[in-house]
Structures are given as structure tokens and as C-alpha cells.
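Chemist: Structure: upload-v7.tsv, TSV, C-alpha atoms and all ligand atoms.
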chain	number	residue	atom	x	y	z
A	584	MET	CA	17.54	14.72	21.76
A	585	LYS	CA	14.14	13.56	22.99
A	586	GLU	CA	13.58	11.66	19.74
A	587	LYS	CA	16.13	9.06	20.86
A	588	LYS	CA	13.73	7.81	23.53
A	589	PHE	CA	11.22	6.88	20.86
A	590	LYS	CA	12.90	3.64	19.92
A	591	ARG	CA	10.10	1.34	18.91
A	592	ILE	CA	7.53	1.89	16.22
A	593	GLU	CA	4.56	1.80	18.63
A	594	THR	CA	6.07	4.71	20.60
A	595	LYS	CA	7.09	6.62	17.46
A	596	LEU	CA	3.52	6.41	16.15
A	597	ILE	CA	2.29	8.22	19.24
A	598	HIS	CA	5.10	10.70	19.94
A	599	SER	CA	7.35	11.32	16.92
A	600	GLY	CA	6.84	14.64	15.19
A	601	GLU	CA	4.47	16.05	17.82
A	602	PRO	CA	5.00	19.78	18.41
A	603	GLU	CA	7.27	20.83	21.23
A	604	PRO	CA	6.06	22.62	23.20
A	605	ARG	CA	2.54	21.33	22.59
A	606	VAL	CA	0.26	23.93	21.00
A	607	GLN	CA	-1.45	25.67	23.97
A	608	GLY	CA	-0.71	22.45	25.85
A	609	ALA	CA	-3.09	20.49	23.59
A	610	VAL	CA	-2.39	16.75	23.87
A	611	SER	CA	-3.87	16.19	20.43
A	612	MET	CA	-2.45	18.21	17.53
A	613	PRO	CA	-5.07	20.88	16.67
A	614	ILE	CA	-6.21	21.52	13.10
A	615	PHE	CA	-4.60	24.61	11.61
A	616	GLN	CA	-7.33	25.60	9.20
A	617	SER	CA	-5.43	28.45	7.59
A	618	ALA	CA	-4.52	28.43	3.90
A	619	MET	CA	-1.45	30.61	4.44
A	620	PHE	CA	0.71	31.87	7.24
A	621	GLU	CA	2.46	35.20	7.88
A	622	THR	CA	5.74	35.49	6.03
A	623	ARG	CA	8.30	36.13	8.75
A	624	SER	CA	11.41	35.90	6.58
A	625	GLU	CA	11.97	35.77	2.84
A	626	PRO	CA	11.59	32.11	1.97
A	627	GLY	CA	11.89	30.75	-1.53
A	628	TYR	CA	8.71	29.81	-3.39
A	629	HIS	CA	8.62	26.22	-2.13
A	630	ASP	CA	8.94	27.31	1.52
A	631	ILE	CA	6.18	29.89	1.68
A	632	GLU	CA	3.79	28.40	4.24
A	633	TYR	CA	0.74	27.57	2.17
A	634	ILE	CA	-1.46	24.48	2.22
A	635	ARG	CA	-0.76	23.57	-1.42
A	636	LEU	CA	2.95	23.47	-0.64
A	637	ASN	CA	2.31	20.81	2.05
A	638	ASN	CA	4.26	22.73	4.67
A	639	THR	CA	1.64	23.97	7.12
A	640	PRO	CA	1.63	22.53	10.67
A	641	ASN	CA	-0.66	19.52	10.19
A	642	ALA	CA	1.33	18.30	7.18
A	643	LYS	CA	4.70	18.88	8.85
A	644	VAL	CA	3.83	16.82	11.93
A	645	LEU	CA	2.85	13.94	9.66
A	646	HIS	CA	6.07	14.23	7.66
A	647	GLU	CA	8.14	13.74	10.81
A	648	LYS	CA	6.00	10.90	12.09
A	649	LEU	CA	5.98	9.03	8.76
A	650	ALA	CA	9.75	9.41	8.38
A	651	ALA	CA	10.33	8.22	11.95
A	652	ILE	CA	8.20	5.08	11.64
A	653	GLU	CA	9.85	3.91	8.42
A	654	GLY	CA	13.35	4.90	9.57
A	655	ALA	CA	13.80	7.56	6.87
A	656	ASP	CA	15.03	11.16	6.83
A	657	ASP	CA	11.91	12.71	5.43
A	658	ALA	CA	8.39	12.20	4.15
A	659	LEU	CA	5.70	14.03	2.24
A	660	VAL	CA	1.93	13.69	2.36
A	661	ALA	CA	-0.18	13.90	-0.79
A	662	SER	CA	-3.87	14.20	-1.60
A	663	SER	CA	-4.16	10.48	-2.46
A	664	GLY	CA	-2.08	7.38	-2.96
A	665	MET	CA	-2.29	7.95	-6.70
A	666	ALA	CA	-1.07	11.56	-6.26
A	667	ALA	CA	1.95	10.18	-4.37
A	668	ILE	CA	2.60	7.46	-6.99
A	669	SER	CA	2.06	9.50	-10.16
A	670	THR	CA	4.01	12.50	-8.83
A	671	THR	CA	6.92	10.29	-7.77
A	672	LEU	CA	7.06	8.58	-11.16
A	673	LEU	CA	6.92	11.93	-12.94
A	674	THR	CA	9.67	13.32	-10.70
A	675	PHE	CA	12.24	10.69	-11.60
A	676	LEU	CA	11.16	9.87	-15.16
A	677	HIS	CA	11.26	12.42	-17.96
A	678	ASN	CA	10.70	12.50	-21.69
A	679	GLY	CA	12.83	9.70	-23.22
A	680	ASP	CA	13.23	7.70	-19.99
A	681	HIS	CA	12.26	4.08	-19.38
A	682	LEU	CA	10.76	2.34	-16.34
A	683	LEU	CA	10.94	-1.27	-15.17
A	684	VAL	CA	7.73	-2.08	-13.37
A	685	GLN	CA	6.35	-5.20	-11.71
A	686	ASN	CA	3.75	-6.97	-13.82
A	687	CYS	CA	1.06	-7.38	-11.15
A	688	LEU	CA	0.06	-3.98	-9.77
A	689	TYR	CA	-2.77	-2.08	-8.14
A	690	GLY	CA	-5.19	-1.32	-11.01
A	691	GLY	CA	-4.83	2.48	-10.80
A	692	THR	CA	-1.04	2.29	-10.99
A	693	HIS	CA	-1.30	-0.23	-13.81
A	694	ASP	CA	-3.57	2.14	-15.74
A	695	PHE	CA	-1.31	5.14	-15.12
A	696	VAL	CA	1.72	3.21	-16.36
A	697	THR	CA	0.05	1.65	-19.39
A	698	LYS	CA	-2.27	4.48	-20.45
A	699	ASP	CA	-0.66	7.75	-19.35
A	700	LEU	CA	3.14	7.40	-19.16
A	701	HIS	CA	3.58	7.32	-22.95
A	702	THR	CA	1.90	10.74	-23.22
A	703	PHE	CA	4.89	12.11	-21.27
A	704	GLY	CA	7.35	10.33	-23.59
A	705	ILE	CA	8.13	7.70	-20.94
A	706	SER	CA	8.30	4.01	-21.88
A	707	TYR	CA	8.12	0.94	-19.64
A	708	ASP	CA	8.60	-2.80	-19.52
A	709	PHE	CA	6.93	-5.19	-17.13
A	710	ILE	CA	9.13	-7.47	-15.06
A	711	ASP	CA	8.41	-10.63	-13.12
A	712	GLY	CA	9.28	-9.68	-9.53
A	713	ASN	CA	10.32	-13.26	-8.83
A	714	ASP	CA	12.68	-13.69	-11.74
A	715	PRO	CA	15.64	-11.31	-11.24
A	716	GLU	CA	17.61	-13.12	-13.97
A	717	SER	CA	15.16	-11.81	-16.54
A	718	TRP	CA	15.47	-8.13	-15.58
A	719	GLU	CA	18.77	-7.37	-17.27
A	720	GLU	CA	17.43	-8.16	-20.71
A	721	LYS	CA	14.59	-5.66	-20.15
A	722	ARG	CA	16.92	-2.89	-18.94
A	723	ARG	CA	17.82	-0.21	-21.46
A	724	PRO	CA	20.44	2.55	-21.42
A	725	ASN	CA	17.63	5.02	-20.64
A	726	THR	CA	16.10	2.99	-17.77
A	727	LYS	CA	15.90	5.30	-14.76
A	728	ALA	CA	13.71	3.60	-12.19
A	729	ILE	CA	12.34	0.27	-10.96
A	730	TYR	CA	8.91	0.03	-9.33
A	731	VAL	CA	7.41	-2.82	-7.28
A	732	GLU	CA	4.73	-3.45	-4.63
A	733	THR	CA	5.55	-5.04	-1.27
A	734	MET	CA	2.76	-7.57	-1.80
A	735	THR	CA	0.94	-7.46	-5.10
A	736	ASN	CA	-2.70	-6.69	-5.43
A	737	PRO	CA	-4.66	-9.00	-5.58
A	738	MET	CA	-2.38	-12.06	-5.83
A	739	LEU	CA	-0.25	-11.22	-2.75
A	740	GLU	CA	2.97	-12.16	-4.51
A	741	VAL	CA	6.13	-11.13	-2.71
A	742	ALA	CA	8.82	-10.04	-5.16
A	743	ASP	CA	12.52	-10.62	-4.56
A	744	HIS	CA	12.88	-7.24	-2.86
A	745	GLU	CA	16.54	-7.74	-1.98
A	746	ALA	CA	17.30	-8.37	-5.64
A	747	VAL	CA	15.32	-5.24	-6.62
A	748	VAL	CA	17.48	-3.10	-4.34
A	749	GLU	CA	20.71	-4.71	-5.58
A	750	PHE	CA	19.70	-4.35	-9.23
A	751	ALA	CA	18.76	-0.68	-8.72
A	752	ARG	CA	22.07	0.05	-7.02
A	753	ALA	CA	24.10	-1.77	-9.64
A	754	HIS	CA	22.51	0.22	-12.46
A	755	GLY	CA	21.92	3.60	-10.84
A	756	LEU	CA	18.12	3.28	-10.89
A	757	THR	CA	15.76	4.90	-8.39
A	758	SER	CA	14.00	2.06	-6.56
A	759	MET	CA	10.37	2.68	-5.60
A	760	ILE	CA	8.01	0.42	-3.69
A	761	ASP	CA	4.32	0.73	-2.93
A	762	ASN	CA	4.23	-0.36	0.72
A	763	THR	CA	0.47	0.12	1.19
A	764	PHE	CA	-0.44	-3.55	1.66
A	765	ALA	CA	2.22	-4.25	4.28
A	766	SER	CA	2.09	-0.97	6.24
A	767	PRO	CA	5.18	0.27	8.11
A	768	ILE	CA	4.39	-2.14	10.94
A	769	ASN	CA	5.13	-5.16	8.77
A	770	PHE	CA	7.78	-3.80	6.41
A	771	ARG	CA	10.01	-0.72	6.32
A	772	PRO	CA	11.46	-0.51	2.80
A	773	ILE	CA	14.04	2.20	3.49
A	774	GLU	CA	15.69	-0.05	6.10
A	775	HIS	CA	16.03	-2.65	3.33
A	776	GLY	CA	17.69	-0.20	0.93
A	777	PHE	CA	14.79	1.06	-1.20
A	778	ASP	CA	15.07	4.70	-2.25
A	779	LEU	CA	11.41	5.59	-1.89
A	780	SER	CA	8.47	4.02	-0.09
A	781	LEU	CA	5.00	5.02	-1.25
A	782	HIS	CA	1.65	4.64	0.44
A	783	SER	CA	-2.00	5.03	-0.11
A	784	GLY	CA	-2.68	6.58	3.32
A	785	THR	CA	-6.34	5.88	2.58
A	786	LYS	CA	-5.74	2.28	3.67
A	787	TYR	CA	-3.90	0.98	6.75
A	788	LEU	CA	-2.17	4.24	7.71
A	789	ASN	CA	-5.49	5.96	8.32
A	790	GLY	CA	-7.44	2.76	8.86
A	791	HIS	CA	-10.94	4.18	9.21
A	792	SER	CA	-12.17	4.39	5.60
A	793	ASP	CA	-12.96	8.09	5.93
A	794	ILE	CA	-10.26	9.94	3.95
A	795	VAL	CA	-8.15	9.65	0.82
A	796	ALA	CA	-4.45	10.39	1.33
A	797	GLY	CA	-0.98	9.46	0.12
A	798	ALA	CA	2.61	9.49	1.35
A	799	VAL	CA	6.14	9.41	-0.04
A	800	ILE	CA	8.97	8.44	2.32
A	801	GLY	CA	12.73	8.51	1.71
A	802	SER	CA	15.89	10.60	1.87
A	803	SER	CA	15.54	14.39	2.26
A	804	GLU	CA	17.06	14.88	-1.17
A	805	LEU	CA	14.64	12.60	-3.02
A	806	VAL	CA	11.57	13.64	-1.02
A	807	SER	CA	12.38	17.29	-1.67
A	808	GLN	CA	12.47	16.60	-5.42
A	809	VAL	CA	9.03	14.97	-5.20
A	810	LYS	CA	7.76	17.89	-3.11
A	811	HIS	CA	8.82	20.40	-5.76
A	812	ARG	CA	6.95	18.44	-8.43
A	813	LEU	CA	3.91	18.03	-6.17
A	814	ASP	CA	3.93	21.76	-5.40
A	815	HIS	CA	3.36	22.33	-9.12
A	816	LEU	CA	0.89	19.48	-9.68
A	817	GLY	CA	-1.08	20.62	-6.63
A	818	GLY	CA	-1.89	17.30	-4.95
A	819	SER	CA	-1.57	18.49	-1.35
A	820	LEU	CA	-3.39	17.05	1.68
A	821	ASP	CA	-5.74	19.46	3.37
A	822	PRO	CA	-5.36	20.10	7.14
A	823	HIS	CA	-8.54	18.32	8.16
A	824	ALA	CA	-7.55	15.19	6.22
A	825	CYS	CA	-4.05	15.52	7.77
A	826	PHE	CA	-5.67	15.57	11.21
A	827	LEU	CA	-7.68	12.42	10.49
A	828	LEU	CA	-4.65	10.62	9.06
A	829	HIS	CA	-2.64	11.66	12.11
A	830	ARG	CA	-5.34	10.39	14.47
A	831	GLY	CA	-5.68	7.13	12.56
A	832	MET	CA	-1.93	6.50	12.57
A	833	LYS	CA	-1.78	6.55	16.35
A	834	THR	CA	-3.56	3.19	16.47
A	835	LEU	CA	-1.75	1.67	13.47
A	836	ALA	CA	0.30	-0.76	15.57
A	837	LEU	CA	-2.75	-2.03	17.47
A	838	ARG	CA	-4.81	-2.41	14.34
A	839	MET	CA	-2.08	-4.16	12.36
A	840	ARG	CA	-1.48	-6.64	15.14
A	841	HIS	CA	-5.14	-7.63	14.95
A	842	HIS	CA	-5.20	-7.65	11.12
A	843	ASN	CA	-2.09	-9.89	11.05
A	844	GLU	CA	-3.38	-12.39	13.59
A	845	SER	CA	-6.95	-12.52	12.35
A	846	ALA	CA	-6.04	-12.82	8.67
A	847	LEU	CA	-3.67	-15.72	9.35
A	848	LYS	CA	-6.39	-17.65	11.20
A	849	ILE	CA	-8.96	-16.91	8.49
A	850	ALA	CA	-6.56	-17.85	5.67
A	851	ARG	CA	-5.89	-21.19	7.40
A	852	PHE	CA	-9.63	-21.77	7.83
A	853	LEU	CA	-10.30	-21.05	4.15
A	854	GLU	CA	-7.42	-23.22	2.99
A	855	GLU	CA	-8.82	-26.20	4.86
A	856	HIS	CA	-12.40	-25.69	3.66
A	857	ASN	CA	-13.48	-28.13	0.97
A	858	ALA	CA	-15.45	-25.47	-0.94
A	859	VAL	CA	-12.28	-23.43	-1.48
A	860	ALA	CA	-9.97	-24.08	-4.43
A	861	LYS	CA	-7.09	-21.73	-3.60
A	862	VAL	CA	-6.01	-19.14	-1.00
A	863	ASN	CA	-3.34	-16.50	-1.64
A	864	TYR	CA	-1.86	-15.30	1.65
A	865	PRO	CA	1.89	-14.93	2.33
A	866	GLY	CA	1.46	-16.26	5.86
A	867	LEU	CA	0.43	-19.71	4.60
A	868	MET	CA	3.09	-22.38	4.14
A	869	SER	CA	1.54	-23.08	0.73
A	870	HIS	CA	2.30	-19.54	-0.50
A	871	PRO	CA	5.16	-19.73	-3.04
A	872	GLN	CA	7.11	-16.92	-1.32
A	873	HIS	CA	6.18	-17.81	2.26
A	874	HIS	CA	9.80	-18.23	3.31
A	875	ARG	CA	10.86	-14.88	1.85
A	876	ALA	CA	7.85	-13.10	3.36
A	877	GLY	CA	8.71	-14.58	6.75
A	878	GLU	CA	12.26	-13.27	6.52
A	879	LEU	CA	11.35	-9.79	5.28
A	880	PHE	CA	8.13	-8.99	7.12
A	881	ASP	CA	7.17	-8.62	10.76
A	882	GLY	CA	3.62	-9.74	9.92
A	883	PHE	CA	1.69	-10.84	6.85
A	884	SER	CA	-0.99	-8.15	6.90
A	885	GLY	CA	-4.77	-8.39	6.61
A	886	MET	CA	-5.01	-8.82	2.84
A	887	MET	CA	-5.69	-12.09	1.08
A	888	SER	CA	-7.49	-13.42	-1.97
A	889	PHE	CA	-9.14	-16.77	-2.55
A	890	GLU	CA	-11.14	-18.72	-5.09
A	891	PRO	CA	-14.14	-20.76	-4.05
A	892	LYS	CA	-14.62	-23.91	-6.11
A	893	GLY	CA	-17.05	-23.26	-8.95
A	894	GLY	CA	-15.62	-20.01	-10.36
A	895	LYS	CA	-17.50	-16.75	-10.79
A	896	ASP	CA	-20.95	-18.14	-9.84
A	897	SER	CA	-19.63	-19.44	-6.53
A	898	ALA	CA	-17.77	-16.20	-5.86
A	899	GLU	CA	-20.91	-14.15	-6.44
A	900	LEU	CA	-22.93	-16.50	-4.26
A	901	PHE	CA	-20.36	-16.26	-1.48
A	902	MET	CA	-20.43	-12.47	-1.64
A	903	ARG	CA	-24.24	-12.42	-1.50
A	904	ASN	CA	-24.27	-14.73	1.50
A	905	VAL	CA	-21.74	-13.17	3.87
A	906	SER	CA	-23.29	-10.83	6.38
A	907	ILE	CA	-20.34	-9.13	8.11
A	908	PRO	CA	-17.95	-7.92	5.36
A	909	ILE	CA	-19.05	-5.03	3.21
A	910	ILE	CA	-18.85	-5.44	-0.57
A	911	ALA	CA	-16.79	-2.38	-1.35
A	912	PRO	CA	-13.52	-1.38	-2.96
A	913	SER	CA	-10.44	-0.25	-1.07
A	914	LEU	CA	-8.89	-1.96	1.96
A	915	GLY	CA	-7.05	-1.56	5.21
A	916	GLY	CA	-9.92	-0.22	7.31
A	917	VAL	CA	-11.50	-1.52	10.49
A	918	GLU	CA	-14.39	-3.07	8.52
A	919	SER	CA	-13.78	-6.28	6.57
A	920	LEU	CA	-14.27	-5.66	2.84
A	921	LEU	CA	-14.71	-7.94	-0.16
A	922	THR	CA	-14.26	-7.29	-3.86
A	923	ARG	CA	-14.07	-9.37	-7.01
A	924	PRO	CA	-11.00	-7.80	-8.72
A	925	ALA	CA	-11.95	-9.01	-12.23
A	926	ALA	CA	-15.12	-6.90	-11.98
A	927	THR	CA	-13.68	-3.94	-10.04
A	928	SER	CA	-10.05	-2.91	-9.45
A	929	HIS	CA	-8.65	-4.97	-12.34
A	930	SER	CA	-11.50	-4.62	-14.84
A	931	GLY	CA	-9.38	-2.13	-16.80
A	932	MET	CA	-6.85	-4.91	-17.51
A	933	SER	CA	-7.41	-7.12	-20.57
A	934	ALA	CA	-8.95	-10.53	-19.84
A	935	GLU	CA	-5.79	-12.10	-21.27
A	936	ASP	CA	-3.53	-10.18	-18.88
A	937	ARG	CA	-5.76	-11.06	-15.94
A	938	LYS	CA	-5.61	-14.72	-16.88
A	939	ARG	CA	-1.82	-14.62	-17.18
A	940	LEU	CA	-1.54	-13.12	-13.69
A	941	GLY	CA	-4.00	-15.58	-12.14
A	942	ILE	CA	-6.79	-13.03	-11.58
A	943	THR	CA	-9.65	-15.38	-12.41
A	944	ASP	CA	-13.29	-14.30	-12.56
A	945	GLY	CA	-13.89	-16.28	-9.37
A	946	LEU	CA	-11.13	-14.62	-7.34
A	947	ILE	CA	-12.34	-12.73	-4.26
A	948	ARG	CA	-10.07	-10.21	-2.53
A	949	VAL	CA	-10.56	-9.88	1.20
A	950	SER	CA	-9.44	-7.08	3.50
A	951	ILE	CA	-9.79	-8.45	7.02
A	952	GLY	CA	-10.97	-5.77	9.44
A	953	VAL	CA	-10.81	-5.75	13.22
A	954	GLU	CA	-14.07	-7.59	13.92
A	955	ALA	CA	-13.89	-10.73	16.08
A	956	THR	CA	-12.03	-13.40	14.12
A	957	GLU	CA	-14.48	-16.13	15.20
A	958	ASP	CA	-17.46	-14.10	13.93
A	959	LEU	CA	-15.80	-13.76	10.54
A	960	ILE	CA	-14.92	-17.46	10.41
A	961	GLU	CA	-18.52	-18.42	11.24
A	962	ASP	CA	-19.83	-15.98	8.65
A	963	PHE	CA	-17.44	-17.16	5.92
A	964	GLY	CA	-18.17	-20.79	6.82
A	965	ALA	CA	-21.92	-20.24	6.45
A	966	ALA	CA	-21.46	-18.53	3.08
A	967	LEU	CA	-19.27	-21.41	1.87
A	968	ASP	CA	-21.92	-23.87	3.04
A	969	ALA	CA	-24.44	-21.95	0.95
A	970	ILE	CA	-22.26	-22.56	-2.10
A	971	ARG	CA	-22.10	-26.26	-1.30
A	972	SER	CA	-25.83	-26.53	-0.78
A	973	VAL	CA	-26.65	-25.22	-4.26
A	974	SER	CA	-23.82	-27.33	-5.61
A	975	VAL	CA	-22.42	-24.85	-8.08
A	976	PHE	CA	-19.32	-27.01	-8.19
A	977	PRO	CA	-19.59	-30.67	-9.12
A	978	GLU	CA	-17.85	-32.18	-6.10
A	979	GLY	CA	-19.80	-29.83	-3.81
A	980	ARG	CA	-21.65	-32.47	-1.85
A	981	SER	CA	-18.58	-34.48	-0.96
A	1001	LIG	N1	-1.63	1.45	-3.97
A	1001	LIG	C1	-2.40	0.40	-3.65
A	1001	LIG	C2	-1.74	-0.91	-3.35
A	1001	LIG	C3	-3.80	0.53	-3.61
A	1001	LIG	O1	-4.54	-0.55	-3.31
A	1001	LIG	C4	-4.37	1.78	-3.92
A	1001	LIG	C5	-5.84	1.98	-3.90
A	1001	LIG	O2	-6.61	1.05	-3.78
A	1001	LIG	C6	-3.53	2.85	-4.27
A	1001	LIG	C7	-2.17	2.65	-4.27
A	1001	LIG	C8	-4.10	4.20	-4.63
A	1001	LIG	O3	-4.46	4.90	-3.48
A	1001	LIG	P1	-5.57	6.05	-3.44
A	1001	LIG	O4	-6.89	5.41	-3.70
A	1001	LIG	O5	-5.41	6.61	-2.06
A	1001	LIG	O6	-5.21	7.03	-4.50
If you took the structure in this file and wrote it as C-alpha cells, what would it be?
Modeler:
Amino acid sequence: MKEKKFKRIETKLIHSGEPEPRVQGAVSMPIFQSAMFETRSEPGYHDIEYIRLNNTPNAKVLHEKLAAIEGADDALVASSGMAAISTTLLTFLHNGDHLLVQNCLYGGTHDFVTKDLHTFGISYDFIDGNDPESWEEKRRPNTKAIYVETMTNPMLEVADHEAVVEFARAHGLTSMIDNTFASPINFRPIEHGFDLSLHSGTKYLNGHSDIVAGAVIGSSELVSQVKHRLDHLGGSLDPHACFLLHRGMKTLALRMRHHNESALKIARFLEEHNAVAKVNYPGLMSHPQHHRAGELFDGFSGMMSFEPKGGKDSAELFMRNVSIPIIAPSLGGVESLLTRPAATSHSGMSAEDRKRLGITDGLIRVSIGVEATEDLIEDFGAALDAIRSVSVFPEGRS
């Protein structure tokens, strides 16, 4: 009954799923550091309250909150984003099945698909998320699922998500989307017809770069199937990490608002800078799917990538000369972070594949944090000036 008052996502983030009555009146959900709980009835195996089965109080509160904010029936936390992704794929794909998967993916997912799936007897084909016409010829009688990312890493492409949902429905496929880059503030896949939304909770959901976590969100029936598989694979989220994820999520709306606004200003600044060759950010008019992103998303997020003129040497120089962002992997935290995907997240991909997808050696991926936008612009500007002053690109002094 009370749930109905929590209409908007900002309110749901604070109040949905919280225990009623509050535990000993505690305003903040306490940590239940107990591996198991007394058995008061005779539950089946999957319902025995035990941390590995992801059903102790700190996990359950998160399940309700995650489901509420993405407008789904149910959710499940996992020990990492990769635990959520791999377990979900292995729940709906079995020996002999085939997967259609977007061609530009987070490196870990790409590696799992290309290096591990075949050991389970599962085959796959890559699809271009922006060319729905080409999907049918890749589909096989044994295709069971289609997998995409809301915005691809690191090129920030926005697939034709409406076509993905339609295609999945027309052919009885389970549609899965990694919604990590957008966060539930900017996009809620279940409301758009996706079957399952997946997250690395390590990133925006938690937002403080201090835990690794994952989440699966969808209908009770599908989430329960993933839970049963996860119960066996063992990738549960421990209560202390649940507590930190829970605490981080309460400020998700505030953080995302800043990430969205700051990243848009910084992307515009970079695009206009004469030491920059290219900026990939869905909020820019120049982005090939800008119109679609504007229709689907409530914000464009804090992730972007760009190429300074002069390739890898310029990129390395830029990264040595910025003083605010930290050179580190991962994303979605309060600190701005930089990586060079060709040397880090996408180094497992062949040079040929990287080239085909536009992941050049000079591409820098940026996760804009919540520092003052003007400080970041000044810092980036100074680092770009440093590139110009050593003239690593021929037209540098223009
Ligand atoms: N999905 C995306 C888009 C990511 O960027 C990452 C990690 O960087 C993952 C999934 C995997 O998440 P985790 O590191 O929590 O396993």
C-alpha cells in the first residue's frame, strides 16, 4: 500500500524496499552479518536463509529497491557485474544453443562470449546493433537469446533498442541488456520491453569505487531462474558489500544528475578544441545516434571517449598531463577516471577487431566524476595545450 506513494525514482531510491517496521527503529538498514538464519518452517533448498543463496536481509532490501527503480517485479544481486552477466547467459543458454550478441562490448563480456561460451557448447554470432535488417540472417533455429549494451563501451554507440525488443519478441528470444553505462536514472530497460536488465553495481549504482557488485533485474519468473543458477555457481553478494551498495544507491539520482550535466559540458568543450580529433558522446549533436539517445534516455550519462589529434603519443601525453582524473580502470564513481581502452579493457581483443570497431590506439575513455565541471575543463584544456606545445600532431600550432 505504502509503496504507491513512492512514485518517482528519487523517492524510490531512498524508501523502496526498506524494512517495515524499521529494524529497532534504525533509519539506516543495519548489516546482518550472519551466514545463516534459524529455520522457522521447512523451506526448499533455494529458500533456506543463507548468504550464498542471496536471501538474507541486506540482499532482500536491495532486490526490492532495484526492482522498484527499474519498474520490474524482481531483482537479484550478485558478487560482481561479471557474475550477473555470466550467470544470466548460462541460465538461458544451454549446450547446443546460439546467442546473438552486439559486436562492441565491455571487454570482460567480450572475452566470456568469445573464449568461454564454446566450452559449454554454446555458439554465438556478433550483430551490428544499428543494423536490424542484418540480424535475421544471423539467427538460427537454435538461437535463444539476444544481448546488447545500453551504450557500448568504449564507443558509446546506442543500438536500436526498440528493434532488439521487437526482434526478440518475434522470435521467442530472451532479450538481455547491460544497463551499467546508463544507470536506471537515464534508462529503464524493462519499461521498454527488455526481459532482463543487467548491471555492474561496481559502477554508477554504488558510485564510490569501493566494492564490486552485480545485479539482474526482470520478471519474478526469469530472475528466479537466474537465482537458482547463481545459488549453484555461488556468486552471492556479502552483507557488508550489500550495505555499501545500498548506501551508495541512495545518492544515485543526485550523482547522475551531476554526471549528466558535467559530461555534456565537457564533451562540448572537447569537441570544440582544436587538439581533439573526435569525441564520442551520445549527448552531442554530432553523435550518429544522438536523436535515438534523446528519445530513449533521460540523460546521456558521464561516460565518453575521445581521440586527441596525433594518435597514441598524444593520448599518452594527455594522460600524463591531467592532474585531476585518476588513470585507472572502471567507471561510474565520484572521481573522474581515464583509461586507454586499447591498452587496458580492450587489449584482449585482436588489433583488427579493435580497428573495425573504431577503438584506435589514441582513444581515451573518460568517466566524468562529480568534481567541479570548470576545474575539469581547465585541467583538460591545460593537458591539451601541452600536446599542442610539443606539436605531436602536424597542425598543432595552428
Ligand atoms: N559491464 C560493463 C559495461 C562494465 O564496464 C563492466 C566492468 O567494467 C562490467 C559489466 C563488469 O562488472 P564487474 O567488474 O563488476 O564484474
Chemist: Just need the box for ligand LIG 1001 (chain A), edges along x, y and z, holding every atom the file lists for it with 4 Å tacked onto each side, so centre and edge lengths in Å to one decimal, as lines of an AutoDock Vina configuration file.
Modeler:
center_x = -4.3
center_y = 3.1
center_z = -3.3
size_x = 13.3
size_y = 15.9
size_z = 10.6
Chemist: Figure out the distance between atom CA of Glu855 of chain A and atom CA of Ser869 of chain A, please, to one decimal in Å.
Modeler: 11.6 Å
Chemist: When distances are computed from all atoms listed in the file, which of A:Leu828, A:Met868, A:Ile800, A:Val696 shows the smallest separation from Phe883 of chain A?
Modeler: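 Result for the nearest residue to Phe883 of chain A: A:Met868.
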Chemist: Find the residue from A:Lys895, A:His681, A:His929, A:His874 that sits nearest to ligand LIG 1001 (chain A); use all atoms listed in the file when measuring.
Modeler: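 Smallest distance to ligand LIG 1001 (chain A) is found for A:His929.
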Chemist: Could you report the residues within 9 Å of ligand LIG 1001 (chain A), using all atoms listed in the file, as a ChimeraX atom specification?
Modeler: /A:662-668,688-692,732-737,761-764,781-786,794-797,912-915,928
Chemist: Using all atoms listed in the file, which of the listed residues (A:Cys687, A:Ile614, A:Ile597, A:Val949) sits closest to Leu835 of chain A?
Modeler: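 Distance minimum relative to Leu835 of chain A lands on A:Ile597.
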Chemist: Given all atoms listed in the file as the basis, pick out the residue of A:Asn686, A:Pro772, A:Pro602, A:Pro822 nearest to Asn638 of chain A.
Modeler: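 Closest candidate: A:Pro822.
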Chemist: Which is closest to Phe963 of chain A among A:Ala651, A:Ala609, A:Val799, A:Leu921, if we use all atoms listed in the file?
Modeler: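 Closest to Phe963 of chain A of all the choices is A:Leu921.
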Chemist: Please compute the atom CA of Phe750 of chain A-atom CA of Ser933 of chain A distance, one decimal, in Å.
Modeler: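 These atoms are spaced 29.5 Å apart.
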Chemist: Please indicate the distance in Å from atom CA of Gly882 of chain A to atom CA of Leu659 of chain A, rounded to one decimal place.
Modeler: 25.1 Å
Chemist: Using all atoms listed in the file, can you tell me which of A:Glu899, A:Asp958, A:Glu878, A:Glu720 comes closest to Glu745 of chain A?
Modeler: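 Ranking A:Glu899, A:Asp958, A:Glu878, A:Glu720 by distance to Glu745 of chain A, first place goes to A:Glu878.
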Chemist: Quick one: everything within 10 Å of Tyr628 of chain A, counting only C-alpha atoms, minus sequence neighbours fewer than 4 positions away in the same chain. Send it as a list in words.
Modeler: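 Result of the neighbour search: Glu632, Tyr633, Leu636, His811 and Asp814 of chain A.
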Chemist: Could you pull the residues within 10 Å of Lys588 of chain A, counting all atoms listed in the file, minus those fewer than 5 positions along the same chain, as a PyMOL selection string?
Modeler: chain A and resi 594-595+598-599
Chemist: So which residues touch Ile849 of chain A within 9 Å, counting all atoms listed in the file, skipping near sequence neighbours fewer than 2 positions away, as a list in words?
Modeler: Glu844, Ser845, Ala846, Leu847, Arg851, Phe852, Leu853, Glu854, Ile951, Thr956, Glu957, Leu959, Ile960 and Phe963 of chain A
Chemist: Keeping only C-alpha atoms, write the selected residues as a short mmCIF file (atom, residue, chain, number, x, y, z; two decimals), in the frame of the given file.
Modeler:
data_model
loop_
_atom_site.label_atom_id
_atom_site.label_comp_id
_atom_site.auth_asym_id
_atom_site.auth_seq_id
_atom_site.Cartn_x
_atom_site.Cartn_y
_atom_site.Cartn_z
CA GLU A 844 -3.38 -12.39 13.59
CA SER A 845 -6.95 -12.52 12.35
CA ALA A 846 -6.04 -12.82 8.67
CA LEU A 847 -3.67 -15.72 9.35
CA ARG A 851 -5.89 -21.19 7.40
CA PHE A 852 -9.63 -21.77 7.83
CA LEU A 853 -10.30 -21.05 4.15
CA GLU A 854 -7.42 -23.22 2.99
CA ILE A 951 -9.79 -8.45 7.02
CA THR A 956 -12.03 -13.40 14.12
CA GLU A 957 -14.48 -16.13 15.20
CA LEU A 959 -15.80 -13.76 10.54
CA ILE A 960 -14.92 -17.46 10.41
CA PHE A 963 -17.44 -17.16 5.92
#
Chemist: Extract, using all atoms listed in the file, all DNA, RNA and protein residues at most 10 Å from segment 652-655 of chain A, discarding same-chain residues fewer than 3 positions from it, and format them as an MDAnalysis selection string.
Modeler: chainID A and resid 589:596 599 647:649 658 766:768 770:774 778:780 800:803
Chemist: Which residues come within 6 Å of Thr922 of chain A, counting all atoms listed in the file, excluding same-chain residues fewer than 6 positions away, as a list in words?
Modeler: Ile910, Ile947 and Arg948 of chain A
